[in-house]
file run_37.cif (mmCIF, C-alpha atoms and all ligand atoms)
data_structure
#
loop_
_atom_site.group_PDB
_atom_site.id
_atom_site.type_symbol
_atom_site.label_atom_id
_atom_site.label_comp_id
_atom_site.auth_asym_id
_atom_site.auth_seq_id
_atom_site.Cartn_x
_atom_site.Cartn_y
_atom_site.Cartn_z
ATOM 1 C CA MET A 1 97.302 115.355 86.834
ATOM 2 C CA ILE A 2 93.516 115.388 86.510
ATOM 3 C CA LYS A 3 91.939 118.846 86.928
ATOM 4 C CA LEU A 4 89.689 118.399 89.952
ATOM 5 C CA ALA A 5 88.129 121.810 89.356
ATOM 6 C CA ASN A 6 86.443 120.425 86.234
ATOM 7 C CA PHE A 7 84.030 118.334 88.301
ATOM 8 C CA SER A 8 81.124 119.404 90.457
ATOM 9 C CA SER A 9 81.378 116.227 92.573
ATOM 10 C CA ILE A 10 83.681 113.254 92.894
ATOM 11 C CA PHE A 11 82.363 109.756 93.632
ATOM 12 C CA ILE A 12 84.777 106.987 94.513
ATOM 13 C CA ALA A 13 83.883 103.300 94.697
ATOM 14 C CA ASN A 14 86.035 101.381 97.149
ATOM 15 C CA TRP A 15 85.659 97.685 96.363
ATOM 16 C CA LYS A 16 88.129 96.651 99.073
ATOM 17 C CA LEU A 17 88.984 92.917 98.778
ATOM 18 C CA ASN A 18 86.075 92.049 96.490
ATOM 19 C CA GLY A 19 85.555 91.335 92.809
ATOM 20 C CA ASN A 20 86.677 88.977 90.059
ATOM 21 C CA THR A 21 86.986 89.143 86.285
ATOM 22 C CA GLU A 22 83.371 88.236 85.594
ATOM 23 C CA PHE A 23 82.080 90.736 88.161
ATOM 24 C CA ILE A 24 84.245 93.511 86.751
ATOM 25 C CA ASN A 25 83.330 92.912 83.121
ATOM 26 C CA GLU A 26 79.640 93.083 83.981
ATOM 27 C CA TYR A 27 80.131 96.093 86.269
ATOM 28 C CA TYR A 28 81.889 98.190 83.644
ATOM 29 C CA GLN A 29 79.273 97.234 81.067
ATOM 30 C CA LYS A 30 76.475 98.431 83.319
ATOM 31 C CA LEU A 31 78.148 101.496 84.842
ATOM 32 C CA LEU A 32 76.386 104.529 83.405
ATOM 33 C CA PRO A 33 78.384 107.370 81.846
ATOM 34 C CA ASN A 34 78.373 110.584 83.815
ATOM 35 C CA SER A 35 78.819 113.960 82.210
ATOM 36 C CA LYS A 36 79.367 116.248 85.210
ATOM 37 C CA ASN A 37 80.755 114.142 88.049
ATOM 38 C CA CYS A 38 84.119 112.458 88.349
ATOM 39 C CA VAL A 39 83.684 108.719 88.993
ATOM 40 C CA VAL A 40 86.579 106.595 90.254
ATOM 41 C CA VAL A 41 86.472 102.837 90.784
ATOM 42 C CA CYS A 42 89.113 101.566 93.213
ATOM 43 C CA SER A 43 89.305 97.873 92.414
ATOM 44 C CA PRO A 44 91.893 95.445 93.812
ATOM 45 C CA SER A 45 95.190 96.244 92.103
ATOM 46 C CA ILE A 46 95.286 93.123 89.930
ATOM 47 C CA PHE A 47 92.208 94.433 88.089
ATOM 48 C CA LEU A 48 93.315 98.066 87.723
ATOM 49 C CA ASN A 49 93.742 98.007 83.981
ATOM 50 C CA LYS A 50 90.450 96.202 83.312
ATOM 51 C CA LEU A 51 88.827 99.565 82.693
ATOM 52 C CA LYS A 52 88.861 100.124 78.931
ATOM 53 C CA ASN A 53 87.867 103.700 79.059
ATOM 54 C CA ASN A 54 86.379 106.035 76.511
ATOM 55 C CA ASN A 55 84.591 108.154 79.107
ATOM 56 C CA LYS A 56 86.588 111.184 80.184
ATOM 57 C CA ASN A 57 84.949 111.326 83.625
ATOM 58 C CA LEU A 58 85.568 107.705 84.633
ATOM 59 C CA PHE A 59 88.816 106.510 86.193
ATOM 60 C CA SER A 60 90.335 103.448 87.715
ATOM 61 C CA GLY A 61 91.901 104.120 91.130
ATOM 62 C CA ALA A 62 94.199 102.168 93.434
ATOM 63 C CA GLN A 63 93.466 101.305 97.065
ATOM 64 C CA ASP A 64 97.027 101.687 98.334
ATOM 65 C CA THR A 65 100.619 102.183 97.256
ATOM 66 C CA SER A 66 104.055 101.536 98.715
ATOM 67 C CA ILE A 67 106.093 103.949 100.800
ATOM 68 C CA TYR A 68 109.040 102.796 98.676
ATOM 69 C CA ILE A 69 109.979 104.006 95.229
ATOM 70 C CA GLU A 70 111.550 100.789 93.898
ATOM 71 C CA GLY A 71 113.848 97.948 94.883
ATOM 72 C CA ALA A 72 113.817 94.821 97.015
ATOM 73 C CA PHE A 73 110.368 95.170 98.590
ATOM 74 C CA THR A 74 108.473 91.981 97.668
ATOM 75 C CA GLY A 75 104.754 92.396 97.226
ATOM 76 C CA GLU A 76 104.770 96.177 96.966
ATOM 77 C CA LEU A 77 103.235 98.424 94.294
ATOM 78 C CA SER A 78 104.887 101.788 93.653
ATOM 79 C CA ALA A 79 103.329 105.088 92.687
ATOM 80 C CA LYS A 80 105.542 105.062 89.597
ATOM 81 C CA MET A 81 103.992 101.733 88.519
ATOM 82 C CA LEU A 82 100.521 103.166 89.015
ATOM 83 C CA LEU A 83 101.484 106.103 86.813
ATOM 84 C CA ASP A 84 102.849 103.672 84.249
ATOM 85 C CA ILE A 85 99.391 102.110 83.823
ATOM 86 C CA ASN A 86 97.729 105.539 83.769
ATOM 87 C CA ILE A 87 96.162 105.525 87.237
ATOM 88 C CA LYS A 88 95.029 108.993 88.350
ATOM 89 C CA PHE A 89 93.781 108.396 91.922
ATOM 90 C CA CYS A 90 94.842 106.311 94.916
ATOM 91 C CA LEU A 91 93.286 105.900 98.365
ATOM 92 C CA VAL A 92 95.734 106.404 101.207
ATOM 93 C CA GLY A 93 95.334 105.758 104.916
ATOM 94 C CA HIS A 94 91.930 104.114 104.777
ATOM 95 C CA SER A 95 90.936 103.183 108.337
ATOM 96 C CA GLU A 96 91.173 99.464 107.499
ATOM 97 C CA ARG A 97 94.776 99.947 106.456
ATOM 98 C CA ARG A 98 95.459 102.021 109.551
ATOM 99 C CA GLU A 99 93.864 99.339 111.753
ATOM 100 C CA TYR A 100 94.985 96.060 110.148
ATOM 101 C CA PHE A 101 98.218 97.027 108.367
ATOM 102 C CA ASN A 102 99.818 99.456 110.805
ATOM 103 C CA GLU A 103 99.397 102.477 108.559
ATOM 104 C CA THR A 104 100.397 105.651 110.408
ATOM 105 C CA ASN A 105 100.055 109.343 109.641
ATOM 106 C CA GLU A 106 103.751 109.273 108.775
ATOM 107 C CA THR A 107 103.415 106.480 106.180
ATOM 108 C CA VAL A 108 100.276 108.127 104.774
ATOM 109 C CA ASN A 109 102.283 111.305 104.324
ATOM 110 C CA ILE A 110 105.122 109.491 102.504
ATOM 111 C CA LYS A 111 102.725 107.560 100.245
ATOM 112 C CA SER A 112 100.806 110.722 99.388
ATOM 113 C CA LEU A 113 104.011 112.508 98.506
ATOM 114 C CA ASN A 114 105.106 109.617 96.259
ATOM 115 C CA LEU A 115 101.741 109.784 94.502
ATOM 116 C CA ILE A 116 101.813 113.548 93.965
ATOM 117 C CA ASN A 117 105.338 113.253 92.598
ATOM 118 C CA ASN A 118 103.903 110.804 90.048
ATOM 119 C CA ASN A 119 100.930 112.996 89.111
ATOM 120 C CA ILE A 120 98.456 110.772 90.965
ATOM 121 C CA ILE A 121 95.907 112.308 93.319
ATOM 122 C CA PRO A 122 96.049 110.822 96.832
ATOM 123 C CA VAL A 123 92.669 110.477 98.528
ATOM 124 C CA ILE A 124 93.783 110.851 102.140
ATOM 125 C CA CYS A 125 91.319 109.191 104.533
ATOM 126 C CA ILE A 126 90.767 110.431 108.062
ATOM 127 C CA GLY A 127 88.125 109.732 110.677
ATOM 128 C CA GLU A 128 87.451 109.154 114.360
ATOM 129 C CA THR A 129 86.492 105.959 116.199
ATOM 130 C CA LEU A 130 83.252 105.677 118.148
ATOM 131 C CA GLU A 131 85.198 105.934 121.386
ATOM 132 C CA GLN A 132 86.842 109.174 120.253
ATOM 133 C CA LYS A 133 83.486 110.557 119.185
ATOM 134 C CA GLU A 134 81.947 109.696 122.550
ATOM 135 C CA LYS A 135 84.877 111.361 124.313
ATOM 136 C CA LYS A 136 84.136 114.415 122.144
ATOM 137 C CA ILE A 137 87.687 114.549 120.791
ATOM 138 C CA THR A 138 86.765 114.159 117.095
ATOM 139 C CA LYS A 139 88.138 117.574 116.150
ATOM 140 C CA ASP A 140 91.479 116.962 117.906
ATOM 141 C CA VAL A 141 91.800 113.570 116.241
ATOM 142 C CA LEU A 142 91.048 114.952 112.772
ATOM 143 C CA THR A 143 93.395 117.905 113.245
ATOM 144 C CA LYS A 144 96.291 115.612 114.157
ATOM 145 C CA GLN A 145 95.517 113.216 111.297
ATOM 146 C CA ILE A 146 95.320 116.012 108.749
ATOM 147 C CA CYS A 147 98.346 117.940 109.933
ATOM 148 C CA GLU A 148 100.524 114.823 110.014
ATOM 149 C CA SER A 149 99.141 112.910 107.005
ATOM 150 C CA VAL A 150 98.885 115.664 104.407
ATOM 151 C CA PRO A 151 102.294 116.448 102.866
ATOM 152 C CA ASP A 152 103.475 120.059 102.608
ATOM 153 C CA LEU A 153 103.377 119.680 98.831
ATOM 154 C CA SER A 154 99.613 118.985 98.895
ATOM 155 C CA ASN A 155 97.147 121.564 97.678
ATOM 156 C CA PHE A 156 93.521 121.653 96.551
ATOM 157 C CA GLU A 157 94.517 120.736 93.017
ATOM 158 C CA ASN A 158 96.634 117.656 93.748
ATOM 159 C CA THR A 159 95.064 116.085 96.860
ATOM 160 C CA LEU A 160 91.631 114.985 98.068
ATOM 161 C CA ILE A 161 90.581 114.410 101.653
ATOM 162 C CA ALA A 162 87.966 111.810 102.595
ATOM 163 C CA TYR A 163 86.285 112.131 105.976
ATOM 164 C CA GLU A 164 85.124 108.685 107.056
ATOM 165 C CA PRO A 165 83.958 108.291 110.654
ATOM 166 C CA ILE A 166 85.188 104.773 111.448
ATOM 167 C CA TRP A 167 81.991 103.935 113.335
ATOM 168 C CA ALA A 168 80.009 104.681 110.149
ATOM 169 C CA ILE A 169 81.997 102.374 107.855
ATOM 170 C CA GLY A 170 80.022 99.278 106.911
ATOM 171 C CA THR A 171 77.597 99.724 109.807
ATOM 172 C CA GLY A 172 74.609 101.428 108.177
ATOM 173 C CA LEU A 173 75.088 104.292 110.649
ATOM 174 C CA THR A 174 75.859 107.837 109.518
ATOM 175 C CA PRO A 175 76.352 111.107 111.364
ATOM 176 C CA SER A 176 73.459 113.540 111.120
ATOM 177 C CA ILE A 177 73.433 115.805 108.094
ATOM 178 C CA GLN A 178 74.281 118.753 110.359
ATOM 179 C CA ASP A 179 77.237 116.875 111.863
ATOM 180 C CA ILE A 180 78.619 115.982 108.428
ATOM 181 C CA ASP A 181 78.364 119.602 107.341
ATOM 182 C CA GLU A 182 79.957 120.863 110.535
ATOM 183 C CA VAL A 183 82.880 118.418 110.415
ATOM 184 C CA HIS A 184 83.570 119.137 106.734
ATOM 185 C CA SER A 185 83.548 122.856 107.363
ATOM 186 C CA PHE A 186 85.829 122.299 110.387
ATOM 187 C CA ILE A 187 88.276 120.293 108.216
ATOM 188 C CA LYS A 188 88.478 123.072 105.628
ATOM 189 C CA ASP A 189 89.136 125.586 108.423
ATOM 190 C CA ILE A 190 91.853 123.625 110.241
ATOM 191 C CA ASP A 191 94.367 125.730 108.382
ATOM 192 C CA ILE A 192 94.040 128.336 105.680
ATOM 193 C CA ARG A 193 95.817 126.007 103.267
ATOM 194 C CA PHE A 194 92.946 123.507 103.479
ATOM 195 C CA ASN A 195 90.225 126.075 102.677
ATOM 196 C CA LYS A 196 89.881 125.091 99.053
ATOM 197 C CA PHE A 197 90.506 121.346 99.419
ATOM 198 C CA LYS A 198 87.724 119.093 98.206
ATOM 199 C CA VAL A 199 86.512 116.913 101.087
ATOM 200 C CA LEU A 200 84.557 113.729 100.355
ATOM 201 C CA TYR A 201 82.309 111.988 102.859
ATOM 202 C CA GLY A 202 82.464 108.210 103.382
ATOM 203 C CA GLY A 203 80.726 105.769 105.705
ATOM 204 C CA SER A 204 77.478 103.913 104.868
ATOM 205 C CA VAL A 205 76.723 106.048 101.810
ATOM 206 C CA LYS A 206 73.933 104.498 99.758
ATOM 207 C CA ALA A 207 71.461 105.540 97.071
ATOM 208 C CA SER A 208 68.922 106.636 99.678
ATOM 209 C CA ASN A 209 71.217 109.112 101.497
ATOM 210 C CA SER A 210 73.809 110.163 98.922
ATOM 211 C CA ALA A 211 71.843 113.023 97.357
ATOM 212 C CA GLU A 212 71.207 114.702 100.701
ATOM 213 C CA ILE A 213 74.800 114.257 101.874
ATOM 214 C CA ASN A 214 76.225 115.440 98.581
ATOM 215 C CA SER A 215 73.974 118.500 98.506
ATOM 216 C CA LEU A 216 75.818 119.962 101.502
ATOM 217 C CA LYS A 217 77.948 122.956 100.640
ATOM 218 C CA ASN A 218 81.053 121.514 102.267
ATOM 219 C CA VAL A 219 80.719 118.026 100.807
ATOM 220 C CA ASP A 220 82.453 117.592 97.462
ATOM 221 C CA GLY A 221 81.543 113.982 96.787
ATOM 222 C CA CYS A 222 81.413 110.572 98.417
ATOM 223 C CA LEU A 223 83.627 107.544 99.042
ATOM 224 C CA VAL A 224 81.410 104.481 98.816
ATOM 225 C CA GLY A 225 82.267 100.988 100.053
ATOM 226 C CA GLY A 226 79.558 98.312 100.316
ATOM 227 C CA ALA A 227 77.005 100.118 98.160
ATOM 228 C CA SER A 228 79.530 100.510 95.343
ATOM 229 C CA LEU A 229 79.600 96.745 94.826
ATOM 230 C CA LYS A 230 76.072 96.826 93.432
ATOM 231 C CA VAL A 231 76.374 98.635 90.118
ATOM 232 C CA GLU A 232 72.673 99.592 89.955
ATOM 233 C CA GLU A 233 72.956 101.180 93.406
ATOM 234 C CA PHE A 234 76.221 102.927 92.518
ATOM 235 C CA ASN A 235 74.641 104.262 89.306
ATOM 236 C CA LYS A 236 71.961 105.931 91.435
ATOM 237 C CA ILE A 237 74.578 107.396 93.774
ATOM 238 C CA ILE A 238 76.614 108.971 90.975
ATOM 239 C CA SER A 239 73.666 110.244 88.961
HETATM 240 P P1 LIG A 301 80.964 101.693 103.453
HETATM 241 O O1 LIG A 301 82.559 101.824 103.371
HETATM 242 O O2 LIG A 301 80.379 102.567 102.386
HETATM 243 O O3 LIG A 301 80.695 100.229 103.247
HETATM 244 O O4 LIG A 301 80.565 102.158 104.816
HETATM 245 C C1 LIG A 301 83.157 103.055 103.079
HETATM 246 C C2 LIG A 301 84.642 102.890 103.037
HETATM 247 O O5 LIG A 301 85.186 102.042 103.752
HETATM 248 O O6 LIG A 301 85.338 103.598 102.292
#

call {"tool": "encode", "arguments": {"input": "run_37.cif", "output": "structure tokens"}}
result
Amino acid sequence: MIKLANFSSIFIANWKLNGNTEFINEYYQKLLPNSKNCVVVCSPSIFLNKLKNNNKNLFSGAQDTSIYIEGAFTGELSAKMLLDINIKFCLVGHSERREYFNETNETVNIKSLNLINNNIIPVICIGETLEQKEKKITKDVLTKQICESVPDLSNFENTLIAYEPIWAIGTGLTPSIQDIDEVHSFIKDIDIRFNKFKVLYGGSVKASNSAEINSLKNVDGCLVGGASLKVEEFNKIIS
């Protein structure tokens, strides 16, 4: 498993359902090497081994994995297969998967466990909806998501948490800097076992706000969607 402690920050590009061979070839040509930060590109799974890597800080990551280990499950992709092609990171429980593909805290927990058992770091995504924020129940929502989604086997060395307020994803809206700091510190204090976990922020991160967000003491990196599709913009974010 990758040693997360070796990196000051972790930046993850989430391409979602975007990209093609030409786009990827150009992207990897233009992506700038980074000596201190860990950079992960989560491309659609068919392109996972397009990264011909000679940079020790750059990794290809998956966007999802199966709850199953192997067998008659057409269309699925197991953690063991990801390990087989040398994948080190995998997103789990992204809000789009929770919303459109019936992902639950329970399935996130199983997937994360499968990944850890295959030496792959799950990036467990949590976040509240706008309605939950307005009802002022964000902390209850996050506590339940964390407690149910993070497997007992998880620790700060084998698991990452990504806090992504759902209302901030793809909208251009972000919480205030103070709110991001407060929520990240809250997450680390939910239980003593989460104290040392690295917590990434996601939701409308772009070159113009990433430095300020990432400078917060409780923010250990960023998960970037839309802005990660423009390599020049992503280069600024990771620099
Ligand atoms: P966004 O997406 O950066 O486009 O808001 C983030 C994400 O969905 O992970």

call {"tool": "closest_atom_pairs", "arguments": {"input": "run_37.cif", "of": "chain A", "to": "ligand LIG 301 (chain A)", "cutoff": "9 Å", "atoms": "all atoms listed in the file", "output": "Markdown table"}}
result
| residue | atom | partner | partner_atom | distance |
| --- | --- | --- | --- | --- |
| A:Ile12 | CA | A:LIG301 | O6 | 8.5 |
| A:Ala13 | CA | A:LIG301 | O6 | 7.7 |
| A:Asn14 | CA | A:LIG301 | O6 | 5.6 |
| A:Trp15 | CA | A:LIG301 | O6 | 8.4 |
| A:Lys16 | CA | A:LIG301 | O5 | 7.7 |
| A:His94 | CA | A:LIG301 | O6 | 7.1 |
| A:Ser95 | CA | A:LIG301 | O5 | 7.4 |
| A:Glu96 | CA | A:LIG301 | O5 | 7.5 |
| A:Cys125 | CA | A:LIG301 | O6 | 8.5 |
| A:Ala162 | CA | A:LIG301 | O6 | 8.6 |
| A:Glu164 | CA | A:LIG301 | O6 | 7.0 |
| A:Ile166 | CA | A:LIG301 | O5 | 8.2 |
| A:Trp167 | CA | A:LIG301 | O4 | 8.8 |
| A:Ala168 | CA | A:LIG301 | O4 | 5.9 |
| A:Ile169 | CA | A:LIG301 | O4 | 3.4 |
| A:Gly170 | CA | A:LIG301 | O4 | 3.6 |
| A:Thr171 | CA | A:LIG301 | O4 | 6.3 |
| A:Gly172 | CA | A:LIG301 | O4 | 6.9 |
| A:Leu173 | CA | A:LIG301 | O4 | 8.3 |
| A:Thr174 | CA | A:LIG301 | O4 | 8.7 |
| A:Tyr201 | CA | A:LIG301 | O6 | 8.9 |
| A:Gly202 | CA | A:LIG301 | C1 | 5.2 |
| A:Gly203 | CA | A:LIG301 | O4 | 3.7 |
| A:Ser204 | CA | A:LIG301 | O4 | 3.6 |
| A:Val205 | CA | A:LIG301 | O2 | 5.1 |
| A:Lys206 | CA | A:LIG301 | O2 | 7.2 |
| A:Cys222 | CA | A:LIG301 | O6 | 8.9 |
| A:Leu223 | CA | A:LIG301 | O6 | 5.4 |
| A:Val224 | CA | A:LIG301 | O2 | 4.2 |
| A:Gly225 | CA | A:LIG301 | O2 | 3.4 |
| A:Gly226 | CA | A:LIG301 | O3 | 3.7 |
| A:Ala227 | CA | A:LIG301 | O2 | 5.9 |
| A:Ser228 | CA | A:LIG301 | O2 | 7.4 |

call {"tool": "atom_distance", "arguments": {"input": "run_37.cif", "atom1": "CA of Lys198 (chain A)", "atom2": "CA of Glu148 (chain A)"}}
result
17.9 Å

call {"tool": "residues_near_point", "arguments": {"input": "run_37.cif", "point": "(88.0, 92.1, 87.7)", "cutoff": "10 Å", "atoms": "all atoms listed in the file", "output": "list in words"}}
result
Asn18, Gly19, Asn20, Thr21, Glu22, Phe23, Ile24, Asn25, Glu26, Tyr27, Tyr28, Ser43, Pro44, Ser45, Ile46, Phe47, Leu48, Asn49, Lys50 and Leu51 of chain A

call {"tool": "residues_near_point", "arguments": {"input": "run_37.cif", "point": "(96.0, 119.0, 96.4)", "cutoff": "10 Å", "atoms": "only C-alpha atoms", "output": "NGL selection string"}}
result
:A and (4 or 116 or 121-123 or 150-161 or 193-194 or 196-198)

call {"tool": "resolve_selection", "arguments": {"input": "run_37.cif", "expression": "the PyMOL selection byres (((chain A and resi 79-83) around 12) and not hetatm)", "output": "PyMOL selection string"}}
result
chain A and resi 1+45-46+48-49+60-70+76-78+84-92+110-122

call {"tool": "resolve_selection", "arguments": {"input": "run_37.cif", "expression": "the PyMOL selection byres (((chain A and resi 37) around 9) and not hetatm)", "output": "number ranges by chain"}}
result
A: 6-11, 34-36, 38-39, 57-58, 221, 238-239

call {"tool": "write_last_selection", "arguments": {"input": "run_37.cif", "atoms": "C-alpha atoms", "output": "PDB file, in the coordinates of the input"}}
result
ATOM      1  CA  ASN A   6      86.443 120.425  86.234  1.00  0.00           C
ATOM      2  CA  PHE A   7      84.030 118.334  88.301  1.00  0.00           C
ATOM      3  CA  SER A   8      81.124 119.404  90.457  1.00  0.00           C
ATOM      4  CA  SER A   9      81.378 116.227  92.573  1.00  0.00           C
ATOM      5  CA  ILE A  10      83.681 113.254  92.894  1.00  0.00           C
ATOM      6  CA  PHE A  11      82.363 109.756  93.632  1.00  0.00           C
ATOM      7  CA  ASN A  34      78.373 110.584  83.815  1.00  0.00           C
ATOM      8  CA  SER A  35      78.819 113.960  82.210  1.00  0.00           C
ATOM      9  CA  LYS A  36      79.367 116.248  85.210  1.00  0.00           C
ATOM     10  CA  CYS A  38      84.119 112.458  88.349  1.00  0.00           C
ATOM     11  CA  VAL A  39      83.684 108.719  88.993  1.00  0.00           C
ATOM     12  CA  ASN A  57      84.949 111.326  83.625  1.00  0.00           C
ATOM     13  CA  LEU A  58      85.568 107.705  84.633  1.00  0.00           C
ATOM     14  CA  GLY A 221      81.543 113.982  96.787  1.00  0.00           C
ATOM     15  CA  ILE A 238      76.614 108.971  90.975  1.00  0.00           C
ATOM     16  CA  SER A 239      73.666 110.244  88.961  1.00  0.00           C
TER      17      SER A 239
END

call {"tool": "atom_distance", "arguments": {"input": "run_37.cif", "atom1": "CA of Val219 (chain A)", "atom2": "CA of Leu17 (chain A)"}}
result
26.5 Å

call {"tool": "build_atoms", "arguments": {"input": "run_37.cif", "residues": "region 130-138 of chain A", "atoms": "all heavy atoms", "output": "PDB file, in the coordinates of the input"}}
result
ATOM      1  N   LEU A 130      84.435 105.395 117.325  1.00  0.00           N
ATOM      2  CA  LEU A 130      83.252 105.677 118.148  1.00  0.00           C
ATOM      3  C   LEU A 130      83.678 106.173 119.534  1.00  0.00           C
ATOM      4  O   LEU A 130      83.101 107.119 120.083  1.00  0.00           O
ATOM      5  CB  LEU A 130      82.400 104.404 118.275  1.00  0.00           C
ATOM      6  CG  LEU A 130      81.080 104.582 119.002  1.00  0.00           C
ATOM      7  CD1 LEU A 130      80.213 105.628 118.310  1.00  0.00           C
ATOM      8  CD2 LEU A 130      80.323 103.252 119.079  1.00  0.00           C
ATOM      9  N   GLU A 131      84.715 105.548 120.059  1.00  0.00           N
ATOM     10  CA  GLU A 131      85.198 105.934 121.386  1.00  0.00           C
ATOM     11  C   GLU A 131      85.658 107.399 121.393  1.00  0.00           C
ATOM     12  O   GLU A 131      85.348 108.165 122.299  1.00  0.00           O
ATOM     13  CB  GLU A 131      86.358 105.004 121.757  1.00  0.00           C
ATOM     14  CG  GLU A 131      86.721 105.046 123.210  1.00  0.00           C
ATOM     15  CD  GLU A 131      87.987 104.232 123.484  1.00  0.00           C
ATOM     16  OE1 GLU A 131      88.412 103.432 122.623  1.00  0.00           O
ATOM     17  OE2 GLU A 131      88.552 104.444 124.577  1.00  0.00           O
ATOM     18  N   GLN A 132      86.369 107.775 120.343  1.00  0.00           N
ATOM     19  CA  GLN A 132      86.842 109.174 120.253  1.00  0.00           C
ATOM     20  C   GLN A 132      85.672 110.132 120.100  1.00  0.00           C
ATOM     21  O   GLN A 132      85.658 111.220 120.680  1.00  0.00           O
ATOM     22  CB  GLN A 132      87.822 109.307 119.077  1.00  0.00           C
ATOM     23  CG  GLN A 132      89.143 108.593 119.340  1.00  0.00           C
ATOM     24  CD  GLN A 132      89.967 108.346 118.088  1.00  0.00           C
ATOM     25  OE1 GLN A 132      89.446 108.304 116.966  1.00  0.00           O
ATOM     26  NE2 GLN A 132      91.269 108.165 118.274  1.00  0.00           N
ATOM     27  N   LYS A 133      84.670 109.705 119.346  1.00  0.00           N
ATOM     28  CA  LYS A 133      83.486 110.557 119.185  1.00  0.00           C
ATOM     29  C   LYS A 133      82.786 110.734 120.536  1.00  0.00           C
ATOM     30  O   LYS A 133      82.406 111.844 120.914  1.00  0.00           O
ATOM     31  CB  LYS A 133      82.528 109.895 118.171  1.00  0.00           C
ATOM     32  CG  LYS A 133      81.193 110.579 117.997  1.00  0.00           C
ATOM     33  CD  LYS A 133      80.324 109.747 117.057  1.00  0.00           C
ATOM     34  CE  LYS A 133      78.836 109.934 117.256  1.00  0.00           C
ATOM     35  NZ  LYS A 133      78.352 111.274 116.982  1.00  0.00           N
ATOM     36  N   GLU A 134      82.645 109.613 121.260  1.00  0.00           N
ATOM     37  CA  GLU A 134      81.947 109.696 122.550  1.00  0.00           C
ATOM     38  C   GLU A 134      82.722 110.543 123.556  1.00  0.00           C
ATOM     39  O   GLU A 134      82.148 111.209 124.408  1.00  0.00           O
ATOM     40  CB  GLU A 134      81.668 108.293 123.094  1.00  0.00           C
ATOM     41  CG  GLU A 134      80.481 107.653 122.361  1.00  0.00           C
ATOM     42  CD  GLU A 134      80.316 106.166 122.605  1.00  0.00           C
ATOM     43  OE1 GLU A 134      81.216 105.547 123.199  1.00  0.00           O
ATOM     44  OE2 GLU A 134      79.271 105.632 122.167  1.00  0.00           O
ATOM     45  N   LYS A 135      84.037 110.518 123.426  1.00  0.00           N
ATOM     46  CA  LYS A 135      84.877 111.361 124.313  1.00  0.00           C
ATOM     47  C   LYS A 135      84.898 112.813 123.847  1.00  0.00           C
ATOM     48  O   LYS A 135      85.595 113.650 124.422  1.00  0.00           O
ATOM     49  CB  LYS A 135      86.310 110.830 124.320  1.00  0.00           C
ATOM     50  CG  LYS A 135      86.532 109.627 125.180  1.00  0.00           C
ATOM     51  CD  LYS A 135      88.041 109.426 125.346  1.00  0.00           C
ATOM     52  CE  LYS A 135      88.372 108.123 126.017  1.00  0.00           C
ATOM     53  NZ  LYS A 135      89.683 107.596 125.540  1.00  0.00           N
ATOM     54  N   LYS A 136      84.212 113.073 122.736  1.00  0.00           N
ATOM     55  CA  LYS A 136      84.136 114.415 122.144  1.00  0.00           C
ATOM     56  C   LYS A 136      85.520 114.972 121.763  1.00  0.00           C
ATOM     57  O   LYS A 136      85.818 116.139 121.985  1.00  0.00           O
ATOM     58  CB  LYS A 136      83.417 115.384 123.093  1.00  0.00           C
ATOM     59  CG  LYS A 136      81.997 114.942 123.431  1.00  0.00           C
ATOM     60  CD  LYS A 136      81.166 116.098 123.932  1.00  0.00           C
ATOM     61  CE  LYS A 136      79.805 115.709 124.460  1.00  0.00           C
ATOM     62  NZ  LYS A 136      79.054 114.715 123.750  1.00  0.00           N
ATOM     63  N   ILE A 137      86.363 114.080 121.223  1.00  0.00           N
ATOM     64  CA  ILE A 137      87.687 114.549 120.791  1.00  0.00           C
ATOM     65  C   ILE A 137      87.856 114.428 119.262  1.00  0.00           C
ATOM     66  O   ILE A 137      88.968 114.431 118.752  1.00  0.00           O
ATOM     67  CB  ILE A 137      88.840 113.816 121.534  1.00  0.00           C
ATOM     68  CG1 ILE A 137      88.708 112.286 121.372  1.00  0.00           C
ATOM     69  CG2 ILE A 137      88.870 114.199 123.008  1.00  0.00           C
ATOM     70  CD1 ILE A 137      89.947 111.522 121.845  1.00  0.00           C
ATOM     71  N   THR A 138      86.716 114.310 118.556  1.00  0.00           N
ATOM     72  CA  THR A 138      86.765 114.159 117.095  1.00  0.00           C
ATOM     73  C   THR A 138      87.627 115.243 116.437  1.00  0.00           C
ATOM     74  O   THR A 138      88.486 114.948 115.603  1.00  0.00           O
ATOM     75  CB  THR A 138      85.328 114.229 116.509  1.00  0.00           C
ATOM     76  OG1 THR A 138      84.593 113.124 117.025  1.00  0.00           O
ATOM     77  CG2 THR A 138      85.330 114.173 115.003  1.00  0.00           C
TER      78      THR A 138
END
